[in-house]
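Undergrad: This structure is in structure tokens; I'll ask about it shortly.
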Amino acid sequence: MVVRNSRSLLLACTAMALLSHSSVSFAQSAAPAEQQSDDQQAKEGETFLSPIIVKGSRKAASDPYDTAGPSSTVTADQIDLQSGQETDDLLRGVPGTSTANNPQNPGVAVNIRGFEGSGRVNMMIDGVRQNFRFTGHEAQGLTYVDPAFLAGIDITRGAVNGVGGGGLVGSVNFQTYNVDDLIEGDKSYGGIVSATTGDNGMGWSESAVGAYRFNDVFAVVGGISKSDPKNFDNGDGVEVPFTEEDLISGLLKAEITPNAENTIRLGGLTYDNDFFANSYYQNLKNKTFSATYEYKPGDNDLIDFKTGFYYNRLKMTYDTNATGGGSAAGREITDTGIGFDVSNTSKFDLGDISVSSNYGVEYFHDDYDVKNSTAQPAGGVNGSGKNGTLGVFNSTTFTYGIADLTLGLRYDHFDLSGSGAVTALNPLGMPAGPYSVDRSDGRLDPSVTLAVNATDWLQPYVTYAETMRAPTINETFVGGDHPGGFMAFFPNPFLEPEVSKGWEIGANIKVDGLFDSGDSFRFKANYFYDRVDNYITAAFTPMGGVYFVNNPGTSTVQGIEIQAGYDAGFVFGDLSYTHTDTDLPSQVNGFGVQSYLPDDIFTATLGARFLEDQRLTVGTRLYAASRANIGDVNVAAGASPYKPGYGLVDLFANYKFEKGFEVTASVTNVFDKAYTPASSTIAGSAVETGRGRTFMLTAKAKF
């Protein structure tokens, strides 16, 4: 593995920042004490907000408790209180959301309602689609983003009609720092320097990110991050092998605002990580670039124009296996994606009816270039190919009195092309030898939502929506043999798109002054019922090989999702609960990973704030999951198809000094529980893969 000499630079930056902020004061976890005091004087009578509620953050598209649909936001406050933990931990605290976790692989594979991989969840970084696919002992879709740069995560469960749509069950957008996240008020600069260390293989993680506004027109953001955690022990004290990594990443953005009506943003992210996963040492490089333009004239409600251009290039390179060899050594998989979106929102009145209409188009194209290995460049499991996805959409809300009626239409079109070779023993009767594929298809998906603003604190709603997910390059062109030659893999160029048709009913509750004039209570709950046709899984052929197939019949997934928050200033808490009932078909694990969620998942964060200006925050995080179906057709006779449930307890304390300096101490898995996270896998592992008790300390300076 490559070791990079950037630690001295980050340590120097950290030391300089910490020394310059040696005098300190603490504030509520949402803001520095000075700002909180000023805000309280300027906004007398306004309420506190729970950590899971959007607090004016530009990162969230909207307050999830104002949205008539199942949306959630991981805020900067939550990220701060979980400093040093993985992105998986942030997402697992969101209702209906989990991850296909492999502790050896730093990639994030988001699971929504038991659906994972292959574009079922549209994962993005700053709005740029992350369409990297991989078939093997891994999730079938991974996003690589450094948590040190995260300013927020926006999650939508269910249909997404506008920009970012096209997935089967929702979208996740990982938002990184922009100018407004770092510069406060009338200042011309701002930034964050952070250092985290701990035991149980935590090692050191350092990051520095800063912004500078040269004038009213031009501002920049830059950042660098370095971390190199080592192997960790599970709750039994057994080392979980090959869980180390060596990551360095960078961020550079610019914002140009020639006037109040026009905004141009340019952004670039680099990610470079060495790790061991899927039985091989690997290097993973991801480069993400975006350019967006917004035009919103102040005197014209018909125009709120936005457009963006995107480029993403991810390259995975295999070195050797643990013994220095391996038939897949030298494997290279490169996904180059380029795309754009154009949208506008028009607002006007039709008599007593207020109308807001969002409409536009988006397109993204991916080129997958695969070299199977140095010894055998062609004929591997993961095939090469090209695919494009086009979405044309409109979502219009009609408001009359207390009722909001939203009608949506989205047309999704895909094209897919590539070539390969197949043997005579293939299960589809294809002629032996070379073959090529060039196909396209599309579907018009409707949606309708009726929301009633019954009171100033209650908003019930009901939604019907349809979505489509196209087959991927990996599912279509899979081929080759398993290392050792004991199992063959076959393509399926005849796969049909997955289609979901679902209902949701839910409600939002927002109450200020519930028990005290300064407190706030937020509650969001929904029931969903989805029917999925043509669901794609890996399956055995009659001859014992494996290929991807459309499962016959209709699969049903239904459940309940609840999230709530309460904040009275001196105490706060938030919780989430998910119950899922599914009859999705099992698949061949090892050709992807199981995606079933535990039947029940409960998470809670409870805390209190103490001392003058609430300088000290202490609290606990709770996580409990019931048993989970392994989802593998290969379960041995007499063996249980379930992983056992488990519960975890974390503790944290945060102290904010003056001038932006703060320290966070935390203990995860306090009782040193031995467990394997739900939807977690390491190929061939015989040990529990959950991290054992770990102590962490983070020092952070905000200037």
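Ordered as shown in the structure tokens, chains take letters A, B, and onward, while each chain numbers its residues from 1 and ligands are numbered from 1 in the order shown.
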Contacts between range 62-74 of chain A and range 556-662 of chain A, please, where a residue of range 556-662 of chain A counts if it comes within 12 Å (with only C-alpha atoms); show its shortest atom pair and distance in Å to one decimal, rows by chain and ascending number, as JSON lines.

TA:
{"residue": "A:Ile560", "atom": "CA", "partner": "A:Pro70", "partner_atom": "CA", "distance": 10.6}
{"residue": "A:Glu561", "atom": "CA", "partner": "A:Pro70", "partner_atom": "CA", "distance": 8.2}
{"residue": "A:Ile562", "atom": "CA", "partner": "A:Pro70", "partner_atom": "CA", "distance": 9.4}
{"residue": "A:Gln563", "atom": "CA", "partner": "A:Ser72", "partner_atom": "CA", "distance": 8.7}
{"residue": "A:Ala564", "atom": "CA", "partner": "A:Tyr65", "partner_atom": "CA", "distance": 9.3}
{"residue": "A:Gly565", "atom": "CA", "partner": "A:Tyr65", "partner_atom": "CA", "distance": 10.2}
{"residue": "A:Asp574", "atom": "CA", "partner": "A:Val74", "partner_atom": "CA", "distance": 11.9}
{"residue": "A:Ser576", "atom": "CA", "partner": "A:Ser72", "partner_atom": "CA", "distance": 10.6}

Undergrad: Would you write out those residues with N, CA and C atoms, as a PDB file, in the first residue's frame?

TA:
ATOM      1  N   ILE A 560     -43.299   0.909   8.049  1.00  0.00           N
ATOM      2  CA  ILE A 560     -43.562   2.147   8.778  1.00  0.00           C
ATOM      3  C   ILE A 560     -42.238   2.833   9.064  1.00  0.00           C
ATOM      4  N   GLU A 561     -42.203   4.148   8.876  1.00  0.00           N
ATOM      5  CA  GLU A 561     -41.007   4.955   9.172  1.00  0.00           C
ATOM      6  C   GLU A 561     -41.411   6.125  10.059  1.00  0.00           C
ATOM      7  N   ILE A 562     -40.672   6.306  11.138  1.00  0.00           N
ATOM      8  CA  ILE A 562     -40.971   7.373  12.096  1.00  0.00           C
ATOM      9  C   ILE A 562     -39.677   8.108  12.435  1.00  0.00           C
ATOM     10  N   GLN A 563     -39.737   9.424  12.458  1.00  0.00           N
ATOM     11  CA  GLN A 563     -38.644  10.219  12.994  1.00  0.00           C
ATOM     12  C   GLN A 563     -39.240  11.360  13.802  1.00  0.00           C
ATOM     13  N   ALA A 564     -38.538  11.720  14.874  1.00  0.00           N
ATOM     14  CA  ALA A 564     -39.057  12.748  15.776  1.00  0.00           C
ATOM     15  C   ALA A 564     -37.897  13.448  16.453  1.00  0.00           C
ATOM     16  N   GLY A 565     -38.150  14.671  16.890  1.00  0.00           N
ATOM     17  CA  GLY A 565     -37.135  15.436  17.608  1.00  0.00           C
ATOM     18  C   GLY A 565     -37.764  16.393  18.598  1.00  0.00           C
ATOM     19  N   ASP A 574     -33.617  13.025  19.647  1.00  0.00           N
ATOM     20  CA  ASP A 574     -34.253  12.649  18.393  1.00  0.00           C
ATOM     21  C   ASP A 574     -34.263  11.132  18.295  1.00  0.00           C
ATOM     22  N   SER A 576     -35.552   7.582  15.629  1.00  0.00           N
ATOM     23  CA  SER A 576     -36.110   7.061  14.388  1.00  0.00           C
ATOM     24  C   SER A 576     -36.457   5.596  14.600  1.00  0.00           C
TER      25      SER A 576
END

Undergrad: Taking only C-alpha atoms into account, produce a table as CSV in which each residue of range 465-558 of chain A with an atom at most 12 Å from an atom of range 584-595 of chain A appears once, together with its shortest atom pair and the distance in Å to one decimal, ordered by chain and rising number.

TA:
residue,atom,partner,partner_atom,distance
A:Asn474,CA,A:Phe591,CA,10.7
A:Glu475,CA,A:Phe591,CA,10.2
A:Val478,CA,A:Phe591,CA,10.2
A:Gly479,CA,A:Phe591,CA,11.7
A:His482,CA,A:Phe591,CA,10.4
A:Met487,CA,A:Phe591,CA,11.7
A:Ala488,CA,A:Phe591,CA,11.9
A:Phe489,CA,A:Phe591,CA,9.8
A:Phe490,CA,A:Phe591,CA,12.0
A:Asp530,CA,A:Leu584,CA,10.9
A:Arg531,CA,A:Leu584,CA,9.8
A:Val532,CA,A:Leu584,CA,8.6
A:Asp533,CA,A:Leu584,CA,10.3
A:Asn534,CA,A:Pro585,CA,10.9
A:Tyr535,CA,A:Leu584,CA,8.0
A:Ile536,CA,A:Pro585,CA,9.0
A:Thr537,CA,A:Gln587,CA,5.5
A:Ala538,CA,A:Gln587,CA,5.3
A:Ala539,CA,A:Val588,CA,5.9
A:Phe540,CA,A:Val588,CA,7.5
A:Thr541,CA,A:Val588,CA,11.2
A:Gly544,CA,A:Val588,CA,11.6
A:Gly545,CA,A:Val588,CA,10.7
A:Val546,CA,A:Val588,CA,8.1
A:Tyr547,CA,A:Phe591,CA,8.9
A:Phe548,CA,A:Phe591,CA,9.2
A:Val549,CA,A:Gln587,CA,10.0
A:Asn550,CA,A:Pro585,CA,10.4
A:Asn551,CA,A:Pro585,CA,7.5
A:Pro552,CA,A:Pro585,CA,9.7
A:Gly553,CA,A:Pro585,CA,10.3
A:Thr554,CA,A:Leu584,CA,8.8
A:Ser555,CA,A:Leu584,CA,5.3
A:Thr556,CA,A:Leu584,CA,6.7
A:Val557,CA,A:Leu584,CA,7.2
A:Gln558,CA,A:Leu584,CA,10.8

Undergrad: When DSSP works through the backbone of this structure, what residues of range 469-594 of chain A end up as strand (DSSP E or B), shown as a VMD selection string?

TA: chain A and resid 469 481 488 to 489 498 to 512 520 to 533 536 to 540 546 to 550 554 to 567 571 to 582 587

Undergrad: Env of Leu142 in chain A: 12 Å cut, atoms = only C-alpha atoms, seq-sep filter 3 positions within chain, self excluded. Answer as a ChimeraX atom specification.

TA: /A:88,99-102,105-111,116-125,129-135,138-139,145,284,286,314,316,335,592

Undergrad: Between A:Asp613, A:Asp438, A:Asp341, A:Glu498, single out the one closest to Val163 in chain A, counting only C-alpha atoms.

TA: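 Result for the nearest residue to Val163 in chain A: A:Asp341.
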
Undergrad: Would you please work out which residue, of A:Gly573, A:Thr399, A:Arg92, A:Pro641, is nearest to Val618 in chain A when using only C-alpha atoms?

TA: A:Gly573

Undergrad: From the options A:Gly480, A:Pro147, A:Gly136, A:Pro471, which residue's atoms come nearest to Gln82 in chain A, counting only C-alpha atoms?

TA: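 Comparing A:Gly480, A:Pro147, A:Gly136, A:Pro471 against Gln82 in chain A, the winner is A:Pro147.
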
Undergrad: Here is a test: counting only C-alpha atoms, which residue of A:Leu266, A:Ile353, A:Leu458, A:Met202 is nearest to Leu697 in chain A?

TA: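 The shortest atom-to-atom distance to Leu697 in chain A comes from A:Met202.
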
Undergrad: Nearest to Asn382 in chain A: which of A:Gln140, A:Asp512, A:Gly250, A:Phe348 is it, counting only C-alpha atoms?

TA: A:Gln140

Undergrad: Could you check which of A:Glu206, A:Asp154, A:Asp146, A:Asp672 is closest to Thr97 in chain A, using only C-alpha atoms?

TA: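 Among the listed residues, the smallest separation from Thr97 in chain A belongs to A:Asp154.
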
Undergrad: Which residues, written as JSON, numbers by chain, have at least one atom at most 12 Å from Gln85 in chain A, with only C-alpha atoms counted and residues fewer than 2 positions away on the same chain left out?

TA: {"A": [78, 79, 80, 81, 82, 83, 87, 88, 89, 90, 91, 92, 106, 146, 147, 148, 196, 197, 198, 202, 205, 229, 650, 652, 665, 666, 667, 668, 669, 691, 694, 695, 696, 697, 698]}

Undergrad: Would you mind exporting the chosen residues as a compact mmCIF listing (two decimals), in the first residue's frame, restricted to N, CA and C atoms?

TA:
# COMPACT_ATOMS: atom_id res chain seq x y z
N GLN A 78 -25.34 16.93 13.52
CA GLN A 78 -25.20 15.49 13.74
C GLN A 78 -23.82 15.01 13.35
N ILE A 79 -23.32 15.51 12.23
CA ILE A 79 -21.99 15.11 11.78
C ILE A 79 -20.94 15.52 12.80
N ASP A 80 -21.08 16.74 13.37
CA ASP A 80 -20.12 17.20 14.37
C ASP A 80 -20.12 16.30 15.60
N LEU A 81 -21.31 15.91 16.06
CA LEU A 81 -21.40 15.09 17.27
C LEU A 81 -20.96 13.65 17.03
N GLN A 82 -20.79 13.25 15.77
CA GLN A 82 -20.32 11.90 15.48
C GLN A 82 -18.95 11.94 14.81
N SER A 83 -18.15 12.94 15.18
CA SER A 83 -16.81 13.09 14.60
C SER A 83 -16.02 11.80 14.76
N THR A 87 -19.35 7.19 7.61
CA THR A 87 -20.55 7.70 6.97
C THR A 87 -21.70 6.71 7.13
N ASP A 88 -21.39 5.41 7.16
CA ASP A 88 -22.43 4.40 7.39
C ASP A 88 -23.20 4.67 8.67
N ASP A 89 -22.50 5.08 9.73
CA ASP A 89 -23.16 5.32 11.01
C ASP A 89 -24.14 6.49 10.91
N LEU A 90 -23.79 7.51 10.14
CA LEU A 90 -24.70 8.65 9.96
C LEU A 90 -25.98 8.22 9.28
N LEU A 91 -25.86 7.38 8.24
CA LEU A 91 -27.02 6.98 7.47
C LEU A 91 -27.89 5.98 8.21
N ARG A 92 -27.31 5.17 9.05
CA ARG A 92 -28.09 4.15 9.76
C ARG A 92 -28.97 4.76 10.85
N PRO A 106 -14.08 1.13 2.02
CA PRO A 106 -14.57 2.43 2.50
C PRO A 106 -15.71 3.00 1.67
N ASP A 146 -15.14 11.47 1.25
CA ASP A 146 -14.45 11.66 2.53
C ASP A 146 -15.41 12.32 3.52
N PRO A 147 -15.71 11.66 4.66
CA PRO A 147 -16.63 12.27 5.62
C PRO A 147 -16.12 13.58 6.20
N ALA A 148 -14.81 13.85 6.11
CA ALA A 148 -14.26 15.10 6.63
C ALA A 148 -14.79 16.32 5.90
N THR A 196 -8.60 14.10 14.75
CA THR A 196 -9.25 13.04 15.52
C THR A 196 -8.29 11.89 15.72
N THR A 197 -8.29 11.34 16.93
CA THR A 197 -7.50 10.14 17.21
C THR A 197 -8.29 9.26 18.18
N GLY A 198 -7.82 8.06 18.37
CA GLY A 198 -8.51 7.14 19.27
C GLY A 198 -7.78 5.81 19.33
N MET A 202 -8.05 3.35 15.47
CA MET A 202 -8.53 4.60 14.89
C MET A 202 -7.43 5.38 14.19
N SER A 205 -6.79 11.12 12.06
CA SER A 205 -7.46 11.74 10.91
C SER A 205 -7.38 13.24 11.09
N PRO A 229 -6.59 4.84 9.26
CA PRO A 229 -6.95 3.90 10.33
C PRO A 229 -6.35 2.52 10.09
N ASP A 650 -23.64 4.24 22.61
CA ASP A 650 -22.51 5.16 22.49
C ASP A 650 -22.69 6.30 23.48
N PHE A 652 -21.18 10.45 24.29
CA PHE A 652 -20.40 11.55 23.72
C PHE A 652 -20.49 12.77 24.63
N ALA A 665 -15.37 14.24 22.86
CA ALA A 665 -14.91 12.92 23.29
C ALA A 665 -16.08 11.95 23.17
N SER A 666 -15.81 10.75 22.70
CA SER A 666 -16.89 9.78 22.54
C SER A 666 -16.38 8.37 22.77
N VAL A 667 -17.31 7.52 23.16
CA VAL A 667 -17.05 6.09 23.31
C VAL A 667 -18.13 5.37 22.53
N THR A 668 -17.74 4.59 21.54
CA THR A 668 -18.71 3.82 20.77
C THR A 668 -18.71 2.38 21.25
N ASN A 669 -19.87 1.74 21.14
CA ASN A 669 -20.04 0.36 21.59
C ASN A 669 -19.54 0.21 23.03
N ARG A 691 -17.22 -3.15 15.02
CA ARG A 691 -16.12 -2.59 15.79
C ARG A 691 -16.40 -2.71 17.28
N THR A 694 -14.56 1.60 21.40
CA THR A 694 -13.54 2.49 20.86
C THR A 694 -13.68 3.87 21.49
N PHE A 695 -12.55 4.41 21.97
CA PHE A 695 -12.50 5.76 22.53
C PHE A 695 -11.96 6.71 21.46
N MET A 696 -12.63 7.86 21.28
CA MET A 696 -12.20 8.82 20.28
C MET A 696 -12.18 10.23 20.86
N LEU A 697 -11.25 11.03 20.38
CA LEU A 697 -11.12 12.42 20.80
C LEU A 697 -10.90 13.28 19.56
N THR A 698 -11.72 14.33 19.43
CA THR A 698 -11.61 15.25 18.29
C THR A 698 -11.40 16.67 18.80
